[in-house]
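Novice: Dropping the structure in here first, questions after.
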Amino acid sequence: MFISIIKTILDVLTLLILIRILLSWVSPGRTSKFTRLINKITDPIFIPLHRIIPRVGMFDFTPVIALIIIQVIYYFLPN
């Protein structure tokens, strides 16, 4: 039961990160209530990673690293 809740949370975080990536491509710099909500949920993941992983020009690889970390955690959870 507890593991399934953790997996669901990781699935939702993955989806929100993907939505954030898409929003940054479709409407960069624009904010709406929806965008602010997604940023508020995903920022606790991104902010520590931003301290470790610098931007490379215009590219921010933090979302990709966050997705990889989430998938690694998901992989090591028991079935």
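Ordering of the structure tokens sets the chain letters (A, B, ...), residue numbers begin anew at 1 in every chain, and ligands are numbered from 1 in the order given.
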Report as a VMD selection string all protein, DNA and RNA residues lying within 8 Å of range 16-22 of chain A, evaluated on only C-alpha atoms, omitting residues in the same chain fewer than 4 positions from it.

Specialist: chain A and resid 12 26 35 38 to 39 42 63 67

Novice: Hey, which of A:Asn79, A:Asp43, A:Gly57, A:Ile69 ends up closest to Ser4 in chain A? Count only C-alpha atoms.

Specialist: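 Checking each of A:Asn79, A:Asp43, A:Gly57, A:Ile69 against Ser4 in chain A, counting only C-alpha atoms, the winner is A:Asn79.
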
Novice: Identify all residues of chain A in alpha helix (DSSP H) (DSSP on the backbone) and supply them as a ChimeraX atom specification.

Specialist: /A:2-26,33-52,62-76

Novice: When you look at Ile9 in chain A with a cut-off of 12 Å (counting only C-alpha atoms), what residues show up, excluding the ones that are within fewer than 4 positions of it in the same chain? I need them as a ChimeraX atom specification.

Specialist: /A:2-5,13-16,41,70-71,73-74
